[in-house]
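Right, one structure below, let's go through it.
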Amino acid sequence: MKQFWFKTLLGVLIVMALAVAAFLSPRQAEAYQGASTPIGVFITVANPPDGTNVRSGPSSVAYGPPIGHLNPGDTALALGKSLGGDWIQIEFSAGTNGTGWVYSVNVVLSGGELRVVEPPPTPAPLITATIDPTLAAAFNIQPTQTRMPTFTPPPPLEVPQFADSNTGPSFFGASGIFILGLALVGSLGLLISYLWRK
C-alpha cells in the first residue's frame with residue numbers, strides 16, 4: 001500500500017511540474033527572444049580583422065585619440081550618422097554622454113535608416129597658435145597708388161638711303177695695287193729659285 005501512495009504522489013508531482021513548465025515556457029521564450037533581438041538600428045563590426053576604434057566625434061584627426069575599441073562581431077545600438085554618412089554615432093558607455101562614433105566602412109548597419117545628427121564640438125587645442133602683431137605688420141604691405149601706364153607711340157621708322165658711289169669695278173684701287181705687288185714678288189721669287197737650281 002505504501003508503494004501505491006508513493007507512486008500516486010510521484011505521478012501527481014510530475015504532472016504539476018509539467019503543467020508549471022508548460023505555463024512558464026512561452027513567457028521565457030518571449031523574454032529570450034526580446035533579449036536576443038535588439039530593437040532599432042544597430043551596427044556590427046565586420047571589416048578590419050583587429051576591430052575598429054571608437055572616437056568622440058566623426059573624425060580621426062579633429063577629435064584626438066580613440067576613446068574605445070570594438071572587436072570583430074561586436075554590436076552596438078546606432079543613434080545617427082554624420083552629414084556625409086562616413087561616420088555612425090553609437091551608444092558607447094565610455095564616450096561623452098554615453099555615445100561614440102565609428103567609421104562606417106568598418107561596420108555593417110542593420111535594422112533601418114539613420115537620421116543625420118550634429119557632431120559634437122571639437123576640443124580646443126592644447127596650444128593655440130599666436131602671431132606676433134609686430135611681425136605680422138612687417139608682412140602687411142600696402143601697395144602704393146600709381147597711375148595706369150599710358151601708351152606712347154614710337155617715333156616713325158627712318159629707312160637709310162645708300163647712294164652707289166662706285167661707277168664700276170676698279171682693279172687699280174688700293175687693294176688691287178697690293179695684290180699686284182704680291183704677285184710680282186712671288187713671280188720674282190719663283191724665277192730666282194728656278195735659276196738658282198740650274
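Quick note on naming: the chains in the C-alpha cells go A, B, ... in the order shown, residues restart at 1 in each chain, and ligands are numbered from 1 in order of appearance.
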So that I can see what lies close to A:Ile90, please list as a VMD selection string the residues with an atom at most 9 Å from it, counting only C-alpha atoms and leaving out residues fewer than 2 positions away in the same chain. chain A and resid 42 to 43 54 76 to 81 88 92 98 to 102
Please produce a file of the residues just selected, as a PDB file, in the first residue's frame, where the atoms kept are N, CA and C atoms.
```
ATOM      1  N   PHE A  42      21.152  48.891 -35.443  1.00  0.00           N
ATOM      2  CA  PHE A  42      22.397  48.584 -34.743  1.00  0.00           C
ATOM      3  C   PHE A  42      23.495  48.283 -35.746  1.00  0.00           C
ATOM      4  N   ILE A  43      24.746  48.363 -35.271  1.00  0.00           N
ATOM      5  CA  ILE A  43      25.908  48.096 -36.113  1.00  0.00           C
ATOM      6  C   ILE A  43      26.587  46.824 -35.630  1.00  0.00           C
ATOM      7  N   VAL A  54      36.655  53.452 -31.533  1.00  0.00           N
ATOM      8  CA  VAL A  54      35.510  54.318 -31.236  1.00  0.00           C
ATOM      9  C   VAL A  54      36.074  55.676 -30.868  1.00  0.00           C
ATOM     10  N   ALA A  76      26.454  47.245 -31.467  1.00  0.00           N
ATOM     11  CA  ALA A  76      26.090  48.403 -30.648  1.00  0.00           C
ATOM     12  C   ALA A  76      24.887  49.070 -31.286  1.00  0.00           C
ATOM     13  N   LEU A  77      24.102  49.750 -30.477  1.00  0.00           N
ATOM     14  CA  LEU A  77      22.928  50.469 -30.951  1.00  0.00           C
ATOM     15  C   LEU A  77      23.382  51.713 -31.702  1.00  0.00           C
ATOM     16  N   ALA A  78      22.899  51.888 -32.930  1.00  0.00           N
ATOM     17  CA  ALA A  78      23.252  53.048 -33.743  1.00  0.00           C
ATOM     18  C   ALA A  78      22.256  54.169 -33.474  1.00  0.00           C
ATOM     19  N   LEU A  79      22.769  55.381 -33.255  1.00  0.00           N
ATOM     20  CA  LEU A  79      21.913  56.513 -32.907  1.00  0.00           C
ATOM     21  C   LEU A  79      21.738  57.502 -34.061  1.00  0.00           C
ATOM     22  N   GLY A  80      22.722  57.587 -34.950  1.00  0.00           N
ATOM     23  CA  GLY A  80      22.653  58.540 -36.059  1.00  0.00           C
ATOM     24  C   GLY A  80      23.886  58.434 -36.923  1.00  0.00           C
ATOM     25  N   LYS A  81      23.959  59.321 -37.911  1.00  0.00           N
ATOM     26  CA  LYS A  81      25.116  59.319 -38.811  1.00  0.00           C
ATOM     27  C   LYS A  81      25.553  60.745 -39.072  1.00  0.00           C
ATOM     28  N   ILE A  88      29.231  56.846 -38.021  1.00  0.00           N
ATOM     29  CA  ILE A  88      27.970  56.457 -37.370  1.00  0.00           C
ATOM     30  C   ILE A  88      28.110  56.662 -35.866  1.00  0.00           C
ATOM     31  N   PHE A  92      27.718  54.157 -26.565  1.00  0.00           N
ATOM     32  CA  PHE A  92      29.003  53.662 -26.055  1.00  0.00           C
ATOM     33  C   PHE A  92      29.201  54.234 -24.658  1.00  0.00           C
ATOM     34  N   GLY A  98      27.544  59.099 -23.133  1.00  0.00           N
ATOM     35  CA  GLY A  98      27.235  57.705 -23.438  1.00  0.00           C
ATOM     36  C   GLY A  98      27.206  57.380 -24.922  1.00  0.00           C
ATOM     37  N   THR A  99      27.880  58.197 -25.746  1.00  0.00           N
ATOM     38  CA  THR A  99      27.905  57.953 -27.190  1.00  0.00           C
ATOM     39  C   THR A  99      29.342  57.937 -27.686  1.00  0.00           C
ATOM     40  N   GLY A 100      29.511  57.394 -28.875  1.00  0.00           N
ATOM     41  CA  GLY A 100      30.800  57.371 -29.561  1.00  0.00           C
ATOM     42  C   GLY A 100      30.553  57.318 -31.051  1.00  0.00           C
ATOM     43  N   TRP A 101      31.602  57.407 -31.851  1.00  0.00           N
ATOM     44  CA  TRP A 101      31.494  57.404 -33.303  1.00  0.00           C
ATOM     45  C   TRP A 101      32.423  56.344 -33.881  1.00  0.00           C
ATOM     46  N   VAL A 102      31.932  55.592 -34.878  1.00  0.00           N
ATOM     47  CA  VAL A 102      32.745  54.600 -35.589  1.00  0.00           C
ATOM     48  C   VAL A 102      32.702  54.912 -37.081  1.00  0.00           C
TER      49      VAL A 102
END
```
From atom CA of A:Trp87 to atom CA of A:Gly57 the spacing works out at 8.6 Å
For A:Pro72, list every protein, DNA or RNA residue within 10 Å, evaluated using only C-alpha atoms, and leave out those in the same chain fewer than 6 positions away; present the list as an mmCIF file with N, CA and C atoms, in the first residue's frame.
```cif
data_model
loop_
_atom_site.group_PDB
_atom_site.id
_atom_site.type_symbol
_atom_site.label_atom_id
_atom_site.label_comp_id
_atom_site.auth_asym_id
_atom_site.auth_seq_id
_atom_site.Cartn_x
_atom_site.Cartn_y
_atom_site.Cartn_z
ATOM 1 N N THR A 44 27.267 46.163 -36.569
ATOM 2 C CA THR A 44 28.092 45.007 -36.253
ATOM 3 C C THR A 44 29.453 45.235 -36.880
ATOM 4 N N VAL A 45 30.503 45.115 -36.083
ATOM 5 C CA VAL A 45 31.861 45.322 -36.598
ATOM 6 C C VAL A 45 32.198 44.173 -37.529
ATOM 7 N N ALA A 46 32.604 44.510 -38.782
ATOM 8 C CA ALA A 46 32.803 43.460 -39.778
ATOM 9 C C ALA A 46 34.174 43.509 -40.435
ATOM 10 N N ASN A 47 34.587 44.670 -40.896
ATOM 11 C CA ASN A 47 35.706 44.728 -41.835
ATOM 12 C C ASN A 47 37.091 44.467 -41.284
ATOM 13 N N PRO A 48 37.685 45.306 -40.456
ATOM 14 C CA PRO A 48 39.085 45.054 -40.117
ATOM 15 C C PRO A 48 39.223 43.815 -39.239
ATOM 16 N N PRO A 49 40.268 43.024 -39.448
ATOM 17 C CA PRO A 49 40.427 41.822 -38.635
ATOM 18 C C PRO A 49 40.717 42.112 -37.168
ATOM 19 N N ASP A 50 41.237 43.314 -36.877
ATOM 20 C CA ASP A 50 41.540 43.645 -35.484
ATOM 21 C C ASP A 50 40.481 44.553 -34.856
ATOM 22 N N GLY A 51 39.348 44.751 -35.522
ATOM 23 C CA GLY A 51 38.279 45.568 -34.955
ATOM 24 C C GLY A 51 38.366 47.007 -35.403
ATOM 25 N N THR A 52 37.618 47.873 -34.741
ATOM 26 C CA THR A 52 37.591 49.292 -35.102
ATOM 27 C C THR A 52 37.645 50.153 -33.848
ATOM 28 N N ASN A 106 33.898 50.257 -41.602
ATOM 29 C CA ASN A 106 34.302 49.133 -40.765
ATOM 30 C C ASN A 106 33.143 48.359 -40.158
ATOM 31 N N VAL A 107 31.900 48.827 -40.362
ATOM 32 C CA VAL A 107 30.762 48.183 -39.712
ATOM 33 C C VAL A 107 29.661 47.886 -40.731
#
```
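The list of residues with at least one atom within 10 Å of A:Pro120, based on only C-alpha atoms and without residues fewer than 4 positions apart in the same chain, reads Ser56, Gly57, Pro58, Tyr63 and Thr96 of chain A.
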Can you write out the residues you just picked, keeping N, CA and C atoms, as an mmCIF file, in the first residue's frame?
```
data_model
loop_
_atom_site.group_PDB
_atom_site.id
_atom_site.type_symbol
_atom_site.label_atom_id
_atom_site.label_comp_id
_atom_site.auth_asym_id
_atom_site.auth_seq_id
_atom_site.Cartn_x
_atom_site.Cartn_y
_atom_site.Cartn_z
ATOM 1 N N SER A 56 35.421 60.110 -30.166
ATOM 2 C CA SER A 56 34.462 61.013 -29.531
ATOM 3 C C SER A 56 33.714 61.881 -30.537
ATOM 4 N N GLY A 57 34.131 61.875 -31.785
ATOM 5 C CA GLY A 57 33.464 62.647 -32.826
ATOM 6 C C GLY A 57 33.739 62.046 -34.188
ATOM 7 N N PRO A 58 33.083 62.554 -35.226
ATOM 8 C CA PRO A 58 33.206 61.966 -36.558
ATOM 9 C C PRO A 58 34.466 62.401 -37.311
ATOM 10 N N TYR A 63 39.238 64.957 -33.355
ATOM 11 C CA TYR A 63 38.733 64.639 -32.020
ATOM 12 C C TYR A 63 39.738 63.876 -31.162
ATOM 13 N N THR A 96 31.434 60.426 -24.446
ATOM 14 C CA THR A 96 30.778 61.617 -23.926
ATOM 15 C C THR A 96 29.266 61.439 -24.061
#
```
Write down as a ChimeraX atom specification the residues of stretch 15-157 of chain A whose backbone DSSP state falls under helix (DSSP H, G or I). /A:15-36,96-98,104-106,133-138
Run DSSP on the backbone and give me the residues of stretch 54-138 of chain A it puts in strand (DSSP E), as number ranges by chain. A: 54, 68-70, 75-81, 87-91, 99-103, 107-110
What is the atom CA of A:Arg55-atom CA of A:Ile67 distance in Å, reported with one decimal? 5.3 Å
Quick one: pull the distance between atom CA of A:Arg197 and atom CA of A:Leu180, Å, one decimal.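 Distance reported for this atom pair: 26.2 Å.
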